Amino acid sequence: MSASRYDHQIPRTAVCRPARRADAAPVSTVPRRRSHSWRTTIAVVMAAAIVCLTALLYATGGAPFGPTVSFDGLSSRYAMLIDADSGEVIQSRDADARMYPASLTKVMTAVVVLDHAETLDDVVEAPADMFPALWEQNASMAGLQPGESATVEDMLYGLMLPSGADCAIALARYVAGDVEAFVELMNRTAAALGMSGTHFTNPTGLHDADHYSTARDMTMLFAHAMRNGTFRTIAGSRSHTMSSASLHDGDLTVNSTVFEELGTPFVAGGWIVAGKTGYTPEAGLCLATAARFGGRTYVLVTAGAPGDHETSQADVDDARYVYGQIPGL
């Protein structure tokens, strides 16, 4: 039998009890039931703590199972929203269906450049022979002139903010020697990231039937890219002056198509901190964004929205609609 919790105070041999009278009622040996056992008290405290923690997490947009978000009102055909901190998928629509990523491709271009460039201060030339094909395809440009040079860092701003195909080709040649070798690096990186539904044929996103991805893969890619501090800074900038551009006397300023279309980055209880737009007639309007809510980061990719550069931007409307459902502080 285990010792009493008081035994350390009074030795058992020292306990004296008065003799029981013969006519006294029998002494009950059944212990009294306590109104609240220690197990009950602990259970109540733990339940209260869980309720408080859950309420706090929901208030900061980081509930254990994520916020409840509906895609029913989306214009975009393909979409995925994830909690970038945990990797949890919050909501998706046809996320594994093949789609054209358009200039969202340039996120991968930036990732490969950042992985392989020796230094951001290296000088890169935009060869004159690449311009005629880009002009013929009506590609979006950063504004470099044939034969102009700029640093890797400035070229990355020209790649991401105005979606410059001129910077994409120049950077591809700088990293790999030619576009074909650079595309091999793109596909190798995609495979390493688990982007099983993706195949690239160019670093620009210009339409090619064999150049495709999925909303899931592009969401995974953008979340991966956002872990790089240089990428976060570039993709989150409203504008940048490419001061190293050799033929512009330091006055080549590029602006973010994302923040131009957004107007304000604030959405409900959070704000959009970075993004990349994309469009071709075959791909529709595409948008990749990262947003912060109460200390958590969410990544949303949408593609296949109706419209073009001259219409209302349904992809931006979709982003506001989705982020508007995430509770803020």
# chains A, B, ... in the order shown; residues from 1 in each chain; ligands from 1
call {"tool": "residues_around", "arguments": {"residues": "Arg173 in chain A", "least_positions_apart": "5", "cutoff": "10 Å", "atoms": "only C-alpha atoms", "output": "JSON, numbers by chain"}}
result
{"A": [124, 125, 126, 127, 167, 168, 178, 179, 180, 181, 182]}
call {"tool": "closest_atom_pairs", "arguments": {"of": "range 132-207 of chain A", "to": "range 84-101 of chain A", "cutoff": "8 Å", "atoms": "only C-alpha atoms", "output": "Markdown table"}}
result
| residue | atom | partner | partner_atom | distance |
| --- | --- | --- | --- | --- |
| A:Gly197 | CA | A:Arg98 | CA | 7.0 |
| A:Gly205 | CA | A:Pro101 | CA | 6.7 |
| A:His207 | CA | A:Tyr100 | CA | 7.7 |
call {"tool": "closest_residue", "arguments": {"among": "A:Ala79, A:Ala288, A:Ala191, A:Ala102", "to": "Thr204 in chain A", "atoms": "only C-alpha atoms"}}
result
A:Ala102
call {"tool": "residues_around", "arguments": {"residues": "range 291-302 of chain A", "least_positions_apart": "3", "cutoff": "8 Å", "atoms": "only C-alpha atoms", "output": "VMD selection string"}}
result
chain A and resid 59 to 62 76 to 85 215 218 to 219 222 to 223 269 to 274 286 to 288 305 315 318 to 319 323 326 to 329
call {"tool": "residues_around", "arguments": {"residues": "Thr198 in chain A", "least_positions_apart": "4", "cutoff": "8 Å", "atoms": "only C-alpha atoms", "output": "ChimeraX atom specification"}}
result
/A:187,190,211-214,217
call {"tool": "write_last_selection", "arguments": {"atoms": "N, CA, C and O atoms", "output": "short mmCIF file (atom, residue, chain, number, x, y, z; two decimals), in the first residue's frame"}}
result
data_model
loop_
_atom_site.label_atom_id
_atom_site.label_comp_id
_atom_site.auth_asym_id
_atom_site.auth_seq_id
_atom_site.Cartn_x
_atom_site.Cartn_y
_atom_site.Cartn_z
N ASN A 187 14.07 23.42 -66.63
CA ASN A 187 13.35 22.15 -66.46
C ASN A 187 13.99 21.28 -65.38
O ASN A 187 13.28 20.55 -64.67
N ALA A 190 12.74 22.72 -62.16
CA ALA A 190 11.33 22.35 -61.97
C ALA A 190 11.21 20.93 -61.44
O ALA A 190 10.43 20.65 -60.53
N HIS A 211 4.94 24.52 -73.93
CA HIS A 211 5.38 25.28 -72.76
C HIS A 211 4.17 25.40 -71.84
O HIS A 211 3.25 26.18 -72.11
N TYR A 212 4.16 24.65 -70.76
CA TYR A 212 2.95 24.57 -69.94
C TYR A 212 3.31 24.34 -68.48
O TYR A 212 4.45 24.01 -68.12
N SER A 213 2.30 24.49 -67.62
CA SER A 213 2.47 24.25 -66.19
C SER A 213 1.09 23.98 -65.59
O SER A 213 0.12 23.73 -66.31
N THR A 214 1.00 24.04 -64.27
CA THR A 214 -0.27 23.91 -63.55
C THR A 214 -0.31 24.98 -62.46
O THR A 214 0.73 25.53 -62.06
N ASP A 217 1.84 23.78 -59.54
CA ASP A 217 3.28 23.92 -59.73
C ASP A 217 3.72 25.37 -59.62
O ASP A 217 4.76 25.68 -59.02
#
call {"tool": "atom_distance", "arguments": {"atom1": "CA of Ala314 in chain A", "atom2": "CA of Tyr279 in chain A"}}
result
11.7 Å
call {"tool": "atom_distance", "arguments": {"atom1": "CA of His224 in chain A", "atom2": "CA of Thr189 in chain A"}}
result
11.2 Å
call {"tool": "atom_distance", "arguments": {"atom1": "CA of Lys106 in chain A", "atom2": "CA of Val69 in chain A"}}
result
28.0 Å
call {"tool": "residues_around", "arguments": {"residues": "Glu260 in chain A", "least_positions_apart": "5", "cutoff": "12 Å", "atoms": "only C-alpha atoms", "output": "VMD selection string"}}
result
chain A and resid 161 to 162 237 to 239 254 to 255 265 275 to 277 313 316
call {"tool": "closest_residue", "arguments": {"among": "A:Ala290, A:Gly158, A:Leu206, A:Val112", "to": "Glu136 in chain A", "atoms": "only C-alpha atoms"}}
result
A:Leu206
call {"tool": "closest_residue", "arguments": {"among": "A:Ser140, A:Val183, A:His116, A:Leu159", "to": "His309 in chain A", "atoms": "only C-alpha atoms"}}
result
A:Ser140
call {"tool": "closest_residue", "arguments": {"among": "A:Leu156, A:Met141, A:Leu285, A:Leu185", "to": "Ala235 in chain A", "atoms": "only C-alpha atoms"}}
result
A:Leu156
call {"tool": "closest_residue", "arguments": {"among": "A:Asp122, A:Val258, A:Val111, A:Pro306", "to": "Gly236 in chain A", "atoms": "only C-alpha atoms"}}
result
A:Val258
call {"tool": "select_by_dssp", "arguments": {"residues": "range 195-302 of chain A", "states": "strand (DSSP E or B)", "output": "mmCIF file with all heavy atoms, in the first residue's frame"}}
result
data_model
loop_
_atom_site.group_PDB
_atom_site.id
_atom_site.type_symbol
_atom_site.label_atom_id
_atom_site.label_comp_id
_atom_site.auth_asym_id
_atom_site.auth_seq_id
_atom_site.Cartn_x
_atom_site.Cartn_y
_atom_site.Cartn_z
ATOM 1 N N HIS A 199 6.543 21.981 -68.074
ATOM 2 C CA HIS A 199 7.605 21.864 -69.077
ATOM 3 C C HIS A 199 7.811 23.217 -69.722
ATOM 4 O O HIS A 199 6.861 23.850 -70.193
ATOM 5 C CB HIS A 199 7.257 20.827 -70.148
ATOM 6 C CG HIS A 199 8.344 20.659 -71.157
ATOM 7 N ND1 HIS A 199 8.301 21.257 -72.404
ATOM 8 C CD2 HIS A 199 9.521 19.981 -71.093
ATOM 9 C CE1 HIS A 199 9.403 20.935 -73.076
ATOM 10 N NE2 HIS A 199 10.161 20.174 -72.304
ATOM 11 N N TYR A 212 4.157 24.654 -70.763
ATOM 12 C CA TYR A 212 2.951 24.574 -69.936
ATOM 13 C C TYR A 212 3.313 24.342 -68.476
ATOM 14 O O TYR A 212 4.452 24.007 -68.123
ATOM 15 C CB TYR A 212 2.038 23.451 -70.432
ATOM 16 C CG TYR A 212 2.711 22.095 -70.517
ATOM 17 C CD1 TYR A 212 2.856 21.287 -69.382
ATOM 18 C CD2 TYR A 212 3.217 21.618 -71.722
ATOM 19 C CE1 TYR A 212 3.483 20.054 -69.459
ATOM 20 C CE2 TYR A 212 3.839 20.380 -71.814
ATOM 21 C CZ TYR A 212 3.970 19.602 -70.676
ATOM 22 O OH TYR A 212 4.604 18.382 -70.743
ATOM 23 N N SER A 213 2.299 24.490 -67.623
ATOM 24 C CA SER A 213 2.468 24.251 -66.192
ATOM 25 C C SER A 213 1.091 23.976 -65.591
ATOM 26 O O SER A 213 0.122 23.729 -66.314
ATOM 27 C CB SER A 213 3.150 25.436 -65.510
ATOM 28 O OG SER A 213 3.463 25.129 -64.167
ATOM 29 N N SER A 239 8.845 50.232 -58.214
ATOM 30 C CA SER A 239 9.607 50.736 -59.349
ATOM 31 C C SER A 239 11.093 50.625 -59.037
ATOM 32 O O SER A 239 11.490 50.428 -57.875
ATOM 33 C CB SER A 239 9.237 52.190 -59.669
ATOM 34 O OG SER A 239 9.611 53.043 -58.599
ATOM 35 N N HIS A 240 11.896 50.774 -60.087
ATOM 36 C CA HIS A 240 13.343 50.689 -59.908
ATOM 37 C C HIS A 240 14.014 51.387 -61.078
ATOM 38 O O HIS A 240 13.612 51.220 -62.233
ATOM 39 C CB HIS A 240 13.787 49.222 -59.864
ATOM 40 C CG HIS A 240 15.272 49.039 -59.789
ATOM 41 N ND1 HIS A 240 15.983 49.200 -58.630
ATOM 42 C CD2 HIS A 240 16.183 48.716 -60.756
ATOM 43 C CE1 HIS A 240 17.265 48.976 -58.858
ATOM 44 N NE2 HIS A 240 17.425 48.682 -60.144
ATOM 45 N N THR A 241 15.032 52.158 -60.774
ATOM 46 C CA THR A 241 15.826 52.798 -61.824
ATOM 47 C C THR A 241 17.042 51.941 -62.128
ATOM 48 O O THR A 241 17.862 51.673 -61.241
ATOM 49 C CB THR A 241 16.277 54.207 -61.394
ATOM 50 O OG1 THR A 241 15.114 55.019 -61.200
ATOM 51 C CG2 THR A 241 17.145 54.837 -62.476
ATOM 52 N N THR A 253 13.882 53.789 -65.896
ATOM 53 C CA THR A 253 13.090 53.387 -64.726
ATOM 54 C C THR A 253 12.002 52.426 -65.157
ATOM 55 O O THR A 253 11.281 52.676 -66.127
ATOM 56 C CB THR A 253 12.457 54.611 -64.048
ATOM 57 O OG1 THR A 253 13.498 55.470 -63.573
ATOM 58 C CG2 THR A 253 11.592 54.195 -62.862
ATOM 59 N N VAL A 254 11.909 51.314 -64.436
ATOM 60 C CA VAL A 254 10.897 50.300 -64.737
ATOM 61 C C VAL A 254 9.890 50.253 -63.592
ATOM 62 O O VAL A 254 10.242 50.461 -62.432
ATOM 63 C CB VAL A 254 11.534 48.908 -64.956
ATOM 64 C CG1 VAL A 254 12.350 48.896 -66.233
ATOM 65 C CG2 VAL A 254 12.412 48.501 -63.770
ATOM 66 N N ASN A 255 8.635 49.984 -63.923
ATOM 67 C CA ASN A 255 7.548 49.963 -62.943
ATOM 68 C C ASN A 255 6.899 48.585 -62.881
ATOM 69 O O ASN A 255 6.825 47.871 -63.878
ATOM 70 C CB ASN A 255 6.497 51.015 -63.304
ATOM 71 C CG ASN A 255 7.049 52.417 -63.290
ATOM 72 O OD1 ASN A 255 7.595 52.878 -62.287
ATOM 73 N ND2 ASN A 255 6.943 53.114 -64.420
ATOM 74 N N PHE A 266 -3.210 47.032 -50.187
ATOM 75 C CA PHE A 266 -3.953 46.585 -49.019
ATOM 76 C C PHE A 266 -5.215 45.820 -49.431
ATOM 77 O O PHE A 266 -5.986 46.256 -50.295
ATOM 78 C CB PHE A 266 -4.309 47.771 -48.134
ATOM 79 C CG PHE A 266 -3.089 48.450 -47.561
ATOM 80 C CD1 PHE A 266 -2.649 49.649 -48.084
ATOM 81 C CD2 PHE A 266 -2.372 47.858 -46.541
ATOM 82 C CE1 PHE A 266 -1.513 50.267 -47.590
ATOM 83 C CE2 PHE A 266 -1.239 48.459 -46.029
ATOM 84 C CZ PHE A 266 -0.798 49.667 -46.561
ATOM 85 N N VAL A 267 -5.397 44.663 -48.802
ATOM 86 C CA VAL A 267 -6.549 43.806 -49.081
ATOM 87 C C VAL A 267 -7.127 43.331 -47.748
ATOM 88 O O VAL A 267 -6.476 42.599 -47.010
ATOM 89 C CB VAL A 267 -6.156 42.591 -49.953
ATOM 90 C CG1 VAL A 267 -5.992 42.985 -51.399
ATOM 91 C CG2 VAL A 267 -4.865 41.930 -49.460
ATOM 92 N N GLY A 270 -5.005 42.428 -44.636
ATOM 93 C CA GLY A 270 -3.595 42.220 -44.931
ATOM 94 C C GLY A 270 -3.137 43.082 -46.082
ATOM 95 O O GLY A 270 -3.786 44.069 -46.433
ATOM 96 N N TRP A 271 -2.026 42.712 -46.702
ATOM 97 C CA TRP A 271 -1.541 43.466 -47.848
ATOM 98 C C TRP A 271 -0.710 42.556 -48.744
ATOM 99 O O TRP A 271 -0.062 41.618 -48.278
ATOM 100 C CB TRP A 271 -0.736 44.690 -47.409
ATOM 101 C CG TRP A 271 0.586 44.403 -46.742
ATOM 102 C CD1 TRP A 271 1.825 44.393 -47.299
ATOM 103 C CD2 TRP A 271 0.780 44.078 -45.360
ATOM 104 N NE1 TRP A 271 2.786 44.087 -46.369
ATOM 105 C CE2 TRP A 271 2.164 43.892 -45.162
ATOM 106 C CE3 TRP A 271 -0.084 43.936 -44.262
ATOM 107 C CZ2 TRP A 271 2.711 43.561 -43.921
ATOM 108 C CZ3 TRP A 271 0.462 43.592 -43.035
ATOM 109 C CH2 TRP A 271 1.839 43.418 -42.876
ATOM 110 N N ILE A 272 -0.751 42.832 -50.033
ATOM 111 C CA ILE A 272 0.023 42.076 -51.010
ATOM 112 C C ILE A 272 1.444 42.618 -51.008
ATOM 113 O O ILE A 272 1.669 43.816 -51.168
ATOM 114 C CB ILE A 272 -0.610 42.187 -52.408
ATOM 115 C CG1 ILE A 272 -1.966 41.450 -52.403
ATOM 116 C CG2 ILE A 272 0.314 41.601 -53.483
ATOM 117 C CD1 ILE A 272 -2.760 41.598 -53.684
ATOM 118 N N VAL A 273 2.404 41.724 -50.818
ATOM 119 C CA VAL A 273 3.789 42.153 -50.640
ATOM 120 C C VAL A 273 4.650 41.903 -51.874
ATOM 121 O O VAL A 273 5.742 42.462 -51.984
ATOM 122 C CB VAL A 273 4.425 41.455 -49.425
ATOM 123 C CG1 VAL A 273 3.715 41.859 -48.146
ATOM 124 C CG2 VAL A 273 4.422 39.932 -49.586
ATOM 125 N N ALA A 274 4.196 41.079 -52.811
ATOM 126 C CA ALA A 274 4.995 40.781 -54.005
ATOM 127 C C ALA A 274 4.097 40.107 -55.034
ATOM 128 O O ALA A 274 3.035 39.564 -54.695
ATOM 129 C CB ALA A 274 6.173 39.874 -53.666
ATOM 130 N N GLY A 275 4.543 40.149 -56.294
ATOM 131 C CA GLY A 275 3.730 39.488 -57.313
ATOM 132 C C GLY A 275 4.366 39.492 -58.681
ATOM 133 O O GLY A 275 5.409 40.109 -58.917
ATOM 134 N N LYS A 276 3.702 38.801 -59.590
ATOM 135 C CA LYS A 276 4.119 38.747 -60.994
ATOM 136 C C LYS A 276 2.882 38.533 -61.848
ATOM 137 O O LYS A 276 2.064 37.651 -61.558
ATOM 138 C CB LYS A 276 5.107 37.594 -61.227
ATOM 139 C CG LYS A 276 5.588 37.488 -62.674
ATOM 140 C CD LYS A 276 6.531 38.609 -63.027
ATOM 141 C CE LYS A 276 6.820 38.680 -64.524
ATOM 142 N NZ LYS A 276 5.664 39.232 -65.283
ATOM 143 N N THR A 277 2.738 39.355 -62.896
ATOM 144 C CA THR A 277 1.621 39.216 -63.824
ATOM 145 C C THR A 277 2.025 38.375 -65.026
ATOM 146 O O THR A 277 3.206 38.135 -65.274
ATOM 147 C CB THR A 277 1.165 40.591 -64.332
ATOM 148 O OG1 THR A 277 2.288 41.248 -64.944
ATOM 149 C CG2 THR A 277 0.620 41.442 -63.209
ATOM 150 N N GLY A 278 1.029 37.958 -65.790
ATOM 151 C CA GLY A 278 1.278 37.244 -67.039
ATOM 152 C C GLY A 278 0.073 37.338 -67.947
ATOM 153 O O GLY A 278 -1.067 37.397 -67.465
ATOM 154 N N TYR A 279 0.331 37.367 -69.242
ATOM 155 C CA TYR A 279 -0.771 37.358 -70.205
ATOM 156 C C TYR A 279 -0.276 36.954 -71.587
ATOM 157 O O TYR A 279 0.758 37.419 -72.062
ATOM 158 C CB TYR A 279 -1.439 38.729 -70.335
ATOM 159 C CG TYR A 279 -2.407 38.775 -71.498
ATOM 160 C CD1 TYR A 279 -3.668 38.178 -71.391
ATOM 161 C CD2 TYR A 279 -2.038 39.351 -72.710
ATOM 162 C CE1 TYR A 279 -4.539 38.168 -72.471
ATOM 163 C CE2 TYR A 279 -2.909 39.355 -73.793
ATOM 164 C CZ TYR A 279 -4.165 38.750 -73.676
ATOM 165 O OH TYR A 279 -5.017 38.729 -74.746
ATOM 166 N N THR A 280 -1.013 36.058 -72.207
ATOM 167 C CA THR A 280 -1.001 35.822 -73.650
ATOM 168 C C THR A 280 -2.443 35.517 -74.013
ATOM 169 O O THR A 280 -3.245 35.136 -73.136
ATOM 170 C CB THR A 280 -0.103 34.629 -74.064
ATOM 171 O OG1 THR A 280 -0.640 33.413 -73.514
ATOM 172 C CG2 THR A 280 1.345 34.811 -73.602
ATOM 173 N N GLY A 284 -4.637 33.697 -71.164
ATOM 174 C CA GLY A 284 -5.518 34.579 -70.420
ATOM 175 C C GLY A 284 -4.710 35.383 -69.409
ATOM 176 O O GLY A 284 -3.474 35.383 -69.422
ATOM 177 N N LEU A 285 -5.402 36.065 -68.532
ATOM 178 C CA LEU A 285 -4.739 36.858 -67.494
ATOM 179 C C LEU A 285 -4.289 35.954 -66.356
ATOM 180 O O LEU A 285 -5.078 35.152 -65.840
ATOM 181 C CB LEU A 285 -5.687 37.934 -66.966
ATOM 182 C CG LEU A 285 -6.071 39.025 -67.965
ATOM 183 C CD1 LEU A 285 -7.234 39.852 -67.426
ATOM 184 C CD2 LEU A 285 -4.873 39.917 -68.275
ATOM 185 N N CYS A 286 -3.026 36.086 -65.974
ATOM 186 C CA CYS A 286 -2.442 35.253 -64.921
ATOM 187 C C CYS A 286 -1.832 36.152 -63.851
ATOM 188 O O CYS A 286 -1.342 37.241 -64.155
ATOM 189 C CB CYS A 286 -1.353 34.345 -65.491
ATOM 190 S SG CYS A 286 -1.859 33.336 -66.907
ATOM 191 N N LEU A 287 -1.835 35.681 -62.627
ATOM 192 C CA LEU A 287 -1.285 36.487 -61.544
ATOM 193 C C LEU A 287 -0.791 35.584 -60.415
ATOM 194 O O LEU A 287 -1.502 34.682 -59.970
ATOM 195 C CB LEU A 287 -2.347 37.439 -60.994
ATOM 196 C CG LEU A 287 -1.920 38.400 -59.885
ATOM 197 C CD1 LEU A 287 -0.839 39.348 -60.368
ATOM 198 C CD2 LEU A 287 -3.118 39.179 -59.354
ATOM 199 N N ALA A 288 0.433 35.844 -59.978
ATOM 200 C CA ALA A 288 0.984 35.189 -58.789
ATOM 201 C C ALA A 288 1.259 36.272 -57.762
ATOM 202 O O ALA A 288 1.902 37.278 -58.072
ATOM 203 C CB ALA A 288 2.263 34.446 -59.120
ATOM 204 N N THR A 289 0.768 36.096 -56.542
ATOM 205 C CA THR A 289 0.980 37.086 -55.490
ATOM 206 C C THR A 289 1.281 36.405 -54.170
ATOM 207 O O THR A 289 0.894 35.258 -53.927
ATOM 208 C CB THR A 289 -0.256 37.993 -55.296
ATOM 209 O OG1 THR A 289 -1.412 37.162 -55.090
ATOM 210 C CG2 THR A 289 -0.468 38.916 -56.477
ATOM 211 N N ALA A 290 1.960 37.156 -53.309
ATOM 212 C CA ALA A 290 2.142 36.758 -51.913
ATOM 213 C C ALA A 290 1.555 37.862 -51.058
ATOM 214 O O ALA A 290 1.730 39.056 -51.361
ATOM 215 C CB ALA A 290 3.618 36.555 -51.593
ATOM 216 N N ALA A 291 0.848 37.488 -49.998
ATOM 217 C CA ALA A 291 0.218 38.477 -49.121
ATOM 218 C C ALA A 291 0.466 38.107 -47.669
ATOM 219 O O ALA A 291 0.597 36.922 -47.326
ATOM 220 C CB ALA A 291 -1.286 38.562 -49.392
ATOM 221 N N ARG A 292 0.532 39.123 -46.820
ATOM 222 C CA ARG A 292 0.776 38.930 -45.394
ATOM 223 C C ARG A 292 -0.479 39.250 -44.597
ATOM 224 O O ARG A 292 -1.134 40.271 -44.811
ATOM 225 C CB ARG A 292 1.902 39.847 -44.920
ATOM 226 C CG ARG A 292 3.257 39.530 -45.519
ATOM 227 C CD ARG A 292 3.921 38.341 -44.867
ATOM 228 N NE ARG A 292 4.357 38.642 -43.511
ATOM 229 C CZ ARG A 292 4.857 37.724 -42.683
ATOM 230 N NH1 ARG A 292 4.960 36.460 -43.066
ATOM 231 N NH2 ARG A 292 5.247 38.062 -41.477
ATOM 232 N N PHE A 293 -0.800 38.348 -43.686
ATOM 233 C CA PHE A 293 -1.935 38.533 -42.782
ATOM 234 C C PHE A 293 -1.492 38.130 -41.388
ATOM 235 O O PHE A 293 -1.245 36.948 -41.121
ATOM 236 C CB PHE A 293 -3.125 37.659 -43.196
ATOM 237 C CG PHE A 293 -3.841 38.124 -44.433
ATOM 238 C CD1 PHE A 293 -3.340 37.830 -45.688
ATOM 239 C CD2 PHE A 293 -5.010 38.865 -44.353
ATOM 240 C CE1 PHE A 293 -3.984 38.252 -46.834
ATOM 241 C CE2 PHE A 293 -5.668 39.293 -45.484
ATOM 242 C CZ PHE A 293 -5.152 38.994 -46.734
ATOM 243 N N ARG A 296 1.524 35.845 -41.060
ATOM 244 C CA ARG A 296 1.591 34.668 -41.925
ATOM 245 C C ARG A 296 1.576 35.114 -43.379
ATOM 246 O O ARG A 296 0.997 36.139 -43.725
ATOM 247 C CB ARG A 296 0.436 33.704 -41.657
ATOM 248 C CG ARG A 296 0.416 33.170 -40.238
ATOM 249 C CD ARG A 296 -0.457 31.922 -40.120
ATOM 250 N NE ARG A 296 0.151 30.770 -40.742
ATOM 251 C CZ ARG A 296 1.106 30.019 -40.164
ATOM 252 N NH1 ARG A 296 1.590 30.347 -38.994
ATOM 253 N NH2 ARG A 296 1.587 28.962 -40.784
ATOM 254 N N THR A 297 2.217 34.317 -44.223
ATOM 255 C CA THR A 297 2.302 34.616 -45.650
ATOM 256 C C THR A 297 1.467 33.612 -46.436
ATOM 257 O O THR A 297 1.559 32.403 -46.205
ATOM 258 C CB THR A 297 3.757 34.555 -46.140
ATOM 259 O OG1 THR A 297 4.538 35.510 -45.416
ATOM 260 C CG2 THR A 297 3.846 34.879 -47.631
ATOM 261 N N TYR A 298 0.660 34.125 -47.352
ATOM 262 C CA TYR A 298 -0.139 33.287 -48.241
ATOM 263 C C TYR A 298 0.292 33.544 -49.677
ATOM 264 O O TYR A 298 0.652 34.660 -50.043
ATOM 265 C CB TYR A 298 -1.631 33.594 -48.077
ATOM 266 C CG TYR A 298 -2.160 33.255 -46.708
ATOM 267 C CD1 TYR A 298 -2.086 34.189 -45.666
ATOM 268 C CD2 TYR A 298 -2.704 32.001 -46.433
ATOM 269 C CE1 TYR A 298 -2.551 33.878 -44.401
ATOM 270 C CE2 TYR A 298 -3.163 31.682 -45.157
ATOM 271 C CZ TYR A 298 -3.084 32.625 -44.152
ATOM 272 O OH TYR A 298 -3.531 32.310 -42.894
ATOM 273 N N VAL A 299 0.277 32.502 -50.482
ATOM 274 C CA VAL A 299 0.598 32.622 -51.905
ATOM 275 C C VAL A 299 -0.615 32.187 -52.710
ATOM 276 O O VAL A 299 -1.190 31.128 -52.464
ATOM 277 C CB VAL A 299 1.828 31.772 -52.286
ATOM 278 C CG1 VAL A 299 1.958 31.647 -53.805
ATOM 279 C CG2 VAL A 299 3.093 32.387 -51.709
ATOM 280 N N LEU A 300 -1.000 33.037 -53.661
ATOM 281 C CA LEU A 300 -2.141 32.760 -54.534
ATOM 282 C C LEU A 300 -1.682 32.842 -55.983
ATOM 283 O O LEU A 300 -1.032 33.812 -56.377
ATOM 284 C CB LEU A 300 -3.250 33.784 -54.297
ATOM 285 C CG LEU A 300 -4.421 33.767 -55.283
ATOM 286 C CD1 LEU A 300 -5.239 32.478 -55.143
ATOM 287 C CD2 LEU A 300 -5.317 35.004 -55.080
ATOM 288 N N VAL A 301 -2.006 31.826 -56.763
ATOM 289 C CA VAL A 301 -1.763 31.848 -58.207
ATOM 290 C C VAL A 301 -3.091 31.620 -58.908
ATOM 291 O O VAL A 301 -3.829 30.679 -58.568
ATOM 292 C CB VAL A 301 -0.746 30.770 -58.632
ATOM 293 C CG1 VAL A 301 -0.734 30.606 -60.157
ATOM 294 C CG2 VAL A 301 0.647 31.136 -58.144
ATOM 295 N N THR A 302 -3.401 32.504 -59.853
ATOM 296 C CA THR A 302 -4.586 32.324 -60.689
ATOM 297 C C THR A 302 -4.160 32.414 -62.150
ATOM 298 O O THR A 302 -3.201 33.109 -62.493
ATOM 299 C CB THR A 302 -5.647 33.405 -60.407
ATOM 300 O OG1 THR A 302 -5.077 34.711 -60.642
ATOM 301 C CG2 THR A 302 -6.142 33.324 -58.973
#
call {"tool": "select_by_dssp", "arguments": {"residues": "range 87-314 of chain A", "states": "alpha helix (DSSP H)", "output": "PyMOL selection string"}}
result
chain A and resi 105-116+131-136+152-160+165-176+179-192+215-225+229-235+257-262+314
